[in-house]
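**Q** There's a structure below that I have some questions on.
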Amino acid sequence: MHQFSYLKAKSLADAAALAKANPEAKLMSGGMTLLPTLKQGLAQPSHLIDIGGLKELSGIEVKGDVLSIGAVTRHYDVASSAAVAKAIPALSYLANQIGDPQVRNRGTIGGSVANNDPAADYPSAVLALNATIVTDRREIAADDFFQGMFATALEEGEIVVRIVFPLPKRAAYEKFPHPASGYAMAGVFIAETAAGVRVAVTGAGPGVFRWSDAEKALAGGLKAGALDALTVDATDLNEDFHATREYRANLVQVMGKRALQKLLA
Amino acid sequence: MSEKHAANRREDLRLITGRGRYSSDMNLPGQLHAAFLRSDHAHAEIVSIDTASALKRPGAVAVLTGDDALAAGYKHFPNLLTFTNKAGASLIKPQRPVLAHGRVRFVGETVAMVVAHSAAEARDALDAIEVEYRDLPVVVDAEEALQPGAPQLHANVPGNLNFEWDTGDAAAVEQAFKQAAHVTRLKVVSPRVIPNPMEPRAAVIGYDAAEDAYDIYTNSQGIVMLRWQFAALTGVAEDKLRFHLHDVGGSFGQRSAVYPEHGALMIAAKKLGRPVKWVSSRSEGFLSDSHGRGIVMAGELAIDKDGKFLAAKYQFVCDMGAYLTPTGTASHVRNPAICTTGVYKIPALYANFRVVMTNTAPVAAYRGAGRPDIAYVIERLVDQAAHELKIDRAELRRRNFIPLDAFPYKTPTMGVYEASDFNGCLTMALKAADYDGFPARRAAAAKRGKLRGIGLSTTIEGTAAGMFPKDQIAIEFNAEGQLEVFTVALSQGQGHETTFAQIVADTLGIDATDVTLRESVQGKKLEGNHTGGSRSLVGAGSICKVAAQKLIEQARPLAAEALELEPSQVEYAKGLFTSRDGSKSIGLLDLAKKHAGANPHPLNLMAEGSVAATFPNGCHIAEVEIDPETGVSKIAAYTACDDCGTVINHAIVEGQIHGGVAMGAGQVFGEQVMYDKASGQLLSGSFSDYAMPRAGWVGGINMNDHPVISKINVLGAKGVGESGCTASLSSLVTAALDALRPLGIHHVDMPLTPPRVWQQIQRAKQLQQTKAK
């Protein structure tokens, strides 16, 4: 691991200033992806700016018809929050499927969303629920935020403050975990929102994406078996020694079907 | 077994509360730290190595390369396979300098070593070593390595074939195959695995110039085996190698051997005059710890019209990786040869073994070491034959079991089996597993959309035959007069502190807490075998009993003296020497305390004996449910019925079976070693890509015990450490196959990963659709 300086931000403004002053710095929240990357020498930042404890980035709140979750909220806190369980139970369920207890007690929603790992769980919920990513500079719609493998709309030094989820009528998530890593080999999040039915897929492709065929099939209403006849085009999906893209396409279909079953149950 | 009382292990509290002492806990005054530069090329010439910049890095003290290894002469690794083939040829052992010289042959091979003031500085300085490689063609598959024109790894190993050996009677087998009413043929793979014990490899080695001796702290399976191998590699006399061994966090065969890093650390410690410490990272472990299994096995079984086995033949292609490890070849050749007949009476047998080099990490012993592999191919053949002949699998086994009156049974290849009751085990297991009730469970699973199958294995393995001809145990009383038992065995999790103490205490009729076990202690002049091959309880454990009996006789005259009686007038029971009339008595331990401080203590003794191979066996029945939509297999039920002879401690035996089955489940369903064909890079080099078995994979095991007491050791015990692995590969795979056969799938190679099973299901469906058209 290469040498770096550790900086603990005192406030959101302080974090932004530190990031501006140190262009080679990395922001760190839970560090669950960043730290292993550092250890393997894959990232060599000059500074780590720890935003993990910032009050302005904390807290879970339901106000009217939105659920707001601070960026540094840990997966465990989302999974065990009574407010989240009541507002969007599918989101509690999803948070409890991430990694293992150690990861859930360190990793944060903001970190996961900003990192946009193509096999992470949260991006599927953020996209399907039509959430808004609030940063220290602006508000970004989920549809504009995720831009493929590890790429987002975030600008240099821009900090995710919270994620705001409009409450859906219903939602469900089903995931097929990779047998070794536990990441989603395919995860499908279905949400019935004010903007219609939205279906997001993580894990199977190079980044989270909306499954438009499924959305069309469900547009007329969520009906049992509505996804049974769908096939998924494997062309743009991931392939590696673990599994072919055809297998992943199958998983998307099966997880979608099961998410729908769960949603209707 | 479960219903009987199980004592907790004595070592558990210490080990699970973080008070174990492992290799990386060891530190010597003035020590330096090493890090290894490992080859990132699978096969290449080393054109040049420039270490100058690395030496200038902060904290760097020295950089060693292959030149240092050659100068020291550390390049000949010992090998346990010493027999020749029928043509008189021996195993060809390629040289392996402890730091590569001239050529690298697998990704992860040690190329250079940096020694620095801290481990972090040593690791950082690695980046500054400049190596120029010239790539050579790569071969990562053993069968491909045997093809004409395949890349050649070693000049002295033509065709990458180190050894070809055969056993049995080829002519008799051919004759039997001609007369067969039916022949079942299969080619199966026991895929390579990466063992991944919890504790990483580590060592601290110091050099004592005054004595010209080395002090070595490292993970191990026992002092004798390690000392012999270190001496063979380095040429240093055994009495100049002082091993300070301690707790070991899992080994499974992987830590029984001397490694190149050991040799490099010795060179550095002597050169620099300071101890040098190295602790492997997990990533290094994946690349460079010895791997296990890696055998392609073709088998044929000839059967007569009544379903009786006439003959069997096998062809093993054993992938040894880029170099031979001390244990790998014997594991893959000798061990399977002992049990080629399985639990069946097969009059004619023939087996051919080829030992092959590939550009992959070297392969060594891994729990079972060849025994699970041969058992797997036999059981798959029997399962397949039953399917082809439409005979129930239990019934086909019954027709062919070696009968009770045939023991001791001399197999047509290498083994002489001691008494076993295969049919008794099978019958008990079938009942415990409710074999007859399976169709209802299959139907219930089908309603849930799952394919459920049942599989059984009836296996045997030759265990406990040590390399060293005898086992010795010392009983000594320390300065406080407390009883200590010394052995050269070394627990890596087997629970010797509990069982060995229990054997001594039970023999003496005293409390086990009054007995302390001391394993692999430096300076104790004891012979015996390391802990491996399911042998320590059978070998060292038996001699513990002999030693305890000897202690009673040695103490009797002293007890008589203390009681002022003739020795013949003194009786011993439950820890007490008592006069015949019962009026006077003295406790054995009190007697020992009376003489505390005497040098030597008059009750000190050494006992020894030769303990031959035992043949644990059993029947395991697995039920597996497959989700046809995803290809996921789940173990739905597991029943084990084992004959491991006398059970000394049920908790430990159950733990061994459970652990063995879980390791089997890992190989069957998860663990997949993947080397890139073109580059030889290890693609499955981390826990993110390599699926170890998880706790949830194996639920409760229905444990049953059907012992036939061994007559060849005083305990009546048979080794149990590897039984779970040996039995579970075939029980689990045949259960999955039973689930899949209705779809027309009759073979899947391990690991049965979800994508692989799903793929097979898709192919079968397409085939059926084509047929329907």
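Letters for chains follow the order of the structure tokens (A, B, ...), residue numbers begin at 1 for each chain, and ligand numbers begin at 1 in the order shown.
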Tell me as a PyMOL selection string which residues belonging to chain B come within 8 Å of chain A, counting only C-alpha atoms.

**A** chain B and resi 120+124+629-630+670+674+687-692+755-756+758-759

**Q** Output N, CA and C atoms of each residue in that selection to a file, as a CSV table (one decimal), in the first residue's frame.

**A**
chain,number,residue,atom,x,y,z
B,120,ALA,N,6.3,-3.8,5.4
B,120,ALA,CA,5.8,-2.8,4.4
B,120,ALA,C,6.9,-2.3,3.5
B,124,ASP,N,7.1,-2.7,-0.5
B,124,ASP,CA,7.2,-1.5,-1.4
B,124,ASP,C,8.4,-1.6,-2.3
B,629,GLU,N,-34.2,-23.5,-12.8
B,629,GLU,CA,-34.2,-22.2,-13.4
B,629,GLU,C,-32.9,-21.5,-13.3
B,630,THR,N,-32.1,-21.8,-12.2
B,630,THR,CA,-30.9,-21.1,-12.0
B,630,THR,C,-29.7,-22.1,-11.9
B,670,GLY,N,-18.6,-25.7,-5.5
B,670,GLY,CA,-18.1,-24.3,-5.6
B,670,GLY,C,-16.7,-24.1,-6.1
B,674,MET,N,-9.3,-21.6,-12.0
B,674,MET,CA,-9.3,-21.3,-13.4
B,674,MET,C,-8.0,-20.5,-13.8
B,687,PHE,N,-10.9,-14.6,-2.9
B,687,PHE,CA,-12.1,-15.1,-2.4
B,687,PHE,C,-13.3,-14.4,-3.1
B,688,SER,N,-13.1,-13.4,-3.9
B,688,SER,CA,-14.2,-12.8,-4.7
B,688,SER,C,-14.5,-13.7,-5.9
B,689,ASP,N,-13.5,-14.5,-6.3
B,689,ASP,CA,-13.7,-15.3,-7.5
B,689,ASP,C,-13.7,-16.8,-7.2
B,690,TYR,N,-13.2,-17.1,-6.0
B,690,TYR,CA,-13.1,-18.6,-5.7
B,690,TYR,C,-14.0,-18.9,-4.5
B,691,ALA,N,-15.0,-19.7,-4.8
B,691,ALA,CA,-16.1,-20.0,-3.9
B,691,ALA,C,-15.7,-21.1,-2.9
B,692,MET,N,-15.3,-20.7,-1.7
B,692,MET,CA,-15.1,-21.7,-0.7
B,692,MET,C,-16.5,-22.2,-0.2
B,755,PRO,N,-24.0,-22.0,-13.1
B,755,PRO,CA,-24.0,-21.8,-14.5
B,755,PRO,C,-23.8,-23.1,-15.3
B,756,ARG,N,-22.9,-24.0,-14.7
B,756,ARG,CA,-22.6,-25.2,-15.4
B,756,ARG,C,-23.8,-26.2,-15.4
B,758,TRP,N,-26.9,-25.3,-15.1
B,758,TRP,CA,-28.0,-24.7,-15.9
B,758,TRP,C,-27.7,-24.9,-17.4
B,759,GLN,N,-26.4,-24.8,-17.8
B,759,GLN,CA,-26.0,-25.0,-19.2
B,759,GLN,C,-26.4,-26.5,-19.6

**Q** Determine which residues of region 21-239 of chain A receive a DSSP assignment of strand (DSSP E), computed from the backbone, and state them as a PyMOL selection string.

**A** chain A and resi 26-28+47-50+60-63+66-70+132-135+139-141+160-166+170-177+184-193+196-202+209-210

**Q** Write out as a PDB file with C-alpha atoms, in the first residue's frame each polymer residue whose atoms come within 12 Å of Glu476 (chain B), counting only C-alpha atoms; drop sequence neighbours fewer than 5 positions from it.

**A**
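To be explicit, this is the file written out as part_38.pdb:
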ATOM      1  CA  GLY B 481       5.935 -33.836  39.153  1.00  0.00           C
ATOM      2  CA  GLN B 482       3.144 -33.273  36.611  1.00  0.00           C
ATOM      3  CA  LEU B 483       2.570 -35.757  33.845  1.00  0.00           C
ATOM      4  CA  GLU B 484       3.509 -34.677  30.345  1.00  0.00           C
ATOM      5  CA  VAL B 485       3.116 -36.701  27.169  1.00  0.00           C
ATOM      6  CA  PHE B 486       5.461 -35.995  24.269  1.00  0.00           C
ATOM      7  CA  THR B 487       4.746 -36.808  20.637  1.00  0.00           C
ATOM      8  CA  VAL B 515      -2.323 -35.013  31.565  1.00  0.00           C
ATOM      9  CA  THR B 516      -0.682 -32.389  29.383  1.00  0.00           C
ATOM     10  CA  LEU B 517       0.214 -33.096  25.767  1.00  0.00           C
ATOM     11  CA  ARG B 518       3.320 -31.557  24.246  1.00  0.00           C
ATOM     12  CA  LYS B 524      13.104 -34.283  22.287  1.00  0.00           C
ATOM     13  CA  ALA B 547       3.121 -45.815  27.191  1.00  0.00           C
ATOM     14  CA  ALA B 548       0.483 -45.428  29.867  1.00  0.00           C
ATOM     15  CA  LEU B 551       4.017 -46.354  33.209  1.00  0.00           C
ATOM     16  CA  LEU B 589       0.365 -38.868  40.632  1.00  0.00           C
ATOM     17  CA  ALA B 592       5.257 -38.998  40.845  1.00  0.00           C
ATOM     18  CA  LYS B 593       5.172 -35.802  42.943  1.00  0.00           C
ATOM     19  CA  HIS B 595       9.984 -37.956  43.182  1.00  0.00           C
ATOM     20  CA  ALA B 596       9.547 -34.503  41.644  1.00  0.00           C
ATOM     21  CA  GLY B 597      12.847 -32.837  40.910  1.00  0.00           C
ATOM     22  CA  ALA B 598      14.769 -36.086  40.517  1.00  0.00           C
ATOM     23  CA  ASN B 599      16.846 -35.965  37.380  1.00  0.00           C
ATOM     24  CA  PRO B 600      15.860 -37.972  35.506  1.00  0.00           C
ATOM     25  CA  HIS B 601      12.521 -38.564  37.108  1.00  0.00           C
ATOM     26  CA  PRO B 602      12.319 -42.313  37.800  1.00  0.00           C
ATOM     27  CA  LEU B 603       8.931 -42.634  36.097  1.00  0.00           C
ATOM     28  CA  ASN B 604      10.034 -41.081  32.821  1.00  0.00           C
ATOM     29  CA  LEU B 605       9.742 -43.508  29.959  1.00  0.00           C
ATOM     30  CA  MET B 606       9.523 -43.926  26.240  1.00  0.00           C
ATOM     31  CA  ALA B 607       7.249 -46.364  24.465  1.00  0.00           C
TER      32      ALA B 607
END

**Q** Near region 178-181 of chain B, counting only C-alpha atoms, which residues have an atom at most 7 Å away, once you skip same-chain residues fewer than 3 positions from it, shown as a list in words?

**A**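 What passes the distance filter is Glu174, Gln175, Ala302, Ile303, Asp304 and Lys305 of chain B.
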
**Q** So, counting only C-alpha atoms, which residue among A:Ala186, A:Ala224, A:Val164, A:Ala95 is closest to Ala119 (chain A)?

**A**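 So, comparing all the options, the nearest one is A:Ala186.
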
**Q** List the neighbours of Gly716 (chain B) out to 10 Å using only C-alpha atoms; skip same-chain residues closer than 3 positions along the sequence, and give me the result as an MDAnalysis selection string.

**A** chainID B and resid 538 542 614 644:648 707:713

**Q** Would you export the selected residues with C-alpha atoms as a tab-separated table (two decimals), in the first residue's frame, please?

**A**
chain	number	residue	atom	x	y	z
B	538	VAL	CA	-4.15	-44.57	15.23
B	542	SER	CA	-2.05	-46.17	20.16
B	614	THR	CA	-6.14	-49.06	8.85
B	644	CYS	CA	-13.81	-45.66	12.06
B	645	GLY	CA	-13.28	-48.45	14.55
B	646	THR	CA	-13.21	-47.47	18.20
B	647	VAL	CA	-14.33	-43.89	18.72
B	648	ILE	CA	-12.21	-42.20	21.37
B	707	PRO	CA	-17.69	-49.70	14.00
B	708	VAL	CA	-15.75	-52.84	13.30
B	709	ILE	CA	-12.97	-52.67	15.82
B	710	SER	CA	-9.53	-52.62	14.25
B	711	LYS	CA	-7.36	-55.52	15.31
B	712	ILE	CA	-4.12	-53.99	14.16
B	713	ASN	CA	-3.74	-51.35	16.83

**Q** Could you name the residues that touch Asp319 (chain B) at 6 Å or less, counting only C-alpha atoms, but leaving out those on the same chain fewer than 2 positions away, as a short mmCIF file (atom, residue, chain, number, x, y, z; two decimals) with N, CA and C atoms, in the first residue's frame?

**A**
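Dumped everything to out-v3.cif:
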data_model
loop_
_atom_site.label_atom_id
_atom_site.label_comp_id
_atom_site.auth_asym_id
_atom_site.auth_seq_id
_atom_site.Cartn_x
_atom_site.Cartn_y
_atom_site.Cartn_z
N ALA B 142 -3.25 -30.67 -18.09
CA ALA B 142 -2.36 -31.83 -18.04
C ALA B 142 -2.49 -32.71 -19.28
N GLY B 294 -6.62 -32.34 -8.88
CA GLY B 294 -6.13 -32.11 -10.24
C GLY B 294 -5.83 -33.42 -10.94
N GLY B 321 1.41 -29.56 -11.64
CA GLY B 321 1.85 -28.17 -11.71
C GLY B 321 3.25 -28.09 -12.30
N VAL B 356 2.33 -35.43 -14.59
CA VAL B 356 2.53 -34.47 -15.67
C VAL B 356 2.82 -33.06 -15.13
#

**Q** Just list as a ChimeraX atom specification whatever in region 36-219 of chain B DSSP marks as helix (DSSP H, G or I).

**A** /B:52-56,66-72,119-126,142-145,158-160,170-179

**Q** Might you pull out every residue within 9 Å of Gly52 (chain A), with only C-alpha atoms counted and same-chain residues fewer than 5 positions away left off, and present them as a list in words?

**A** Lys8, Ala9, Met28, Ser29, Gly30, Gly31, Leu57, Ser58, Ala71, Val72, Thr73 and Thr108 of chain A

**Q** For N, CA and C atoms, I'd like the residues from the last selection saved as a short mmCIF file (atom, residue, chain, number, x, y, z; two decimals), in the first residue's frame.

**A**
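What follows is the written file selection_39.cif:
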data_model
loop_
_atom_site.label_atom_id
_atom_site.label_comp_id
_atom_site.auth_asym_id
_atom_site.auth_seq_id
_atom_site.Cartn_x
_atom_site.Cartn_y
_atom_site.Cartn_z
N LYS A 8 -9.54 14.17 8.13
CA LYS A 8 -10.91 13.97 8.59
C LYS A 8 -11.66 15.28 8.40
N ALA A 9 -12.64 15.25 7.52
CA ALA A 9 -13.39 16.47 7.22
C ALA A 9 -14.25 16.86 8.43
N MET A 28 -13.61 9.33 1.22
CA MET A 28 -13.89 8.01 1.77
C MET A 28 -15.07 8.09 2.72
N SER A 29 -16.00 7.15 2.51
CA SER A 29 -17.13 7.07 3.43
C SER A 29 -16.93 5.81 4.27
N GLY A 30 -17.46 4.67 3.84
CA GLY A 30 -17.22 3.43 4.59
C GLY A 30 -15.89 2.77 4.21
N GLY A 31 -15.43 3.03 3.01
CA GLY A 31 -14.14 2.50 2.57
C GLY A 31 -14.16 1.05 2.15
N LEU A 57 -24.45 14.60 6.44
CA LEU A 57 -24.62 13.51 5.47
C LEU A 57 -25.32 12.31 6.12
N SER A 58 -25.83 12.51 7.33
CA SER A 58 -26.38 11.38 8.08
C SER A 58 -27.90 11.49 8.18
N ALA A 71 -26.05 10.26 2.94
CA ALA A 71 -25.08 9.50 2.14
C ALA A 71 -24.22 8.57 2.98
N VAL A 72 -23.92 8.97 4.22
CA VAL A 72 -23.00 8.14 5.02
C VAL A 72 -23.75 7.15 5.91
N THR A 73 -25.03 6.93 5.60
CA THR A 73 -25.81 5.94 6.36
C THR A 73 -25.35 4.54 5.98
N THR A 108 -21.56 2.33 3.12
CA THR A 108 -22.64 3.32 3.16
C THR A 108 -23.35 3.42 1.82
#

**Q** If I take CA of Ala237 (chain B) and CA of Val98 (chain B), how far is one from the other in Å, to one decimal?

**A**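 Computing it gives 18.4 Å between the two atoms.
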
**Q** In terms of the shortest atom-to-atom distance over only C-alpha atoms, which of B:Gly462, B:Gly307, B:Gly449, B:Gly609 is closest to Gly342 (chain B)?

**A**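 Nearest candidate to Gly342 (chain B) out of B:Gly462, B:Gly307, B:Gly449, B:Gly609: B:Gly462.
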
**Q** Choose the residue, out of B:Lys93, B:Arg371, B:His117, B:His246, that has the smallest atom-to-atom separation from Val157 (chain B); count only C-alpha atoms.

**A**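 Residue with the minimum atom-to-atom distance to Val157 (chain B): B:Lys93.
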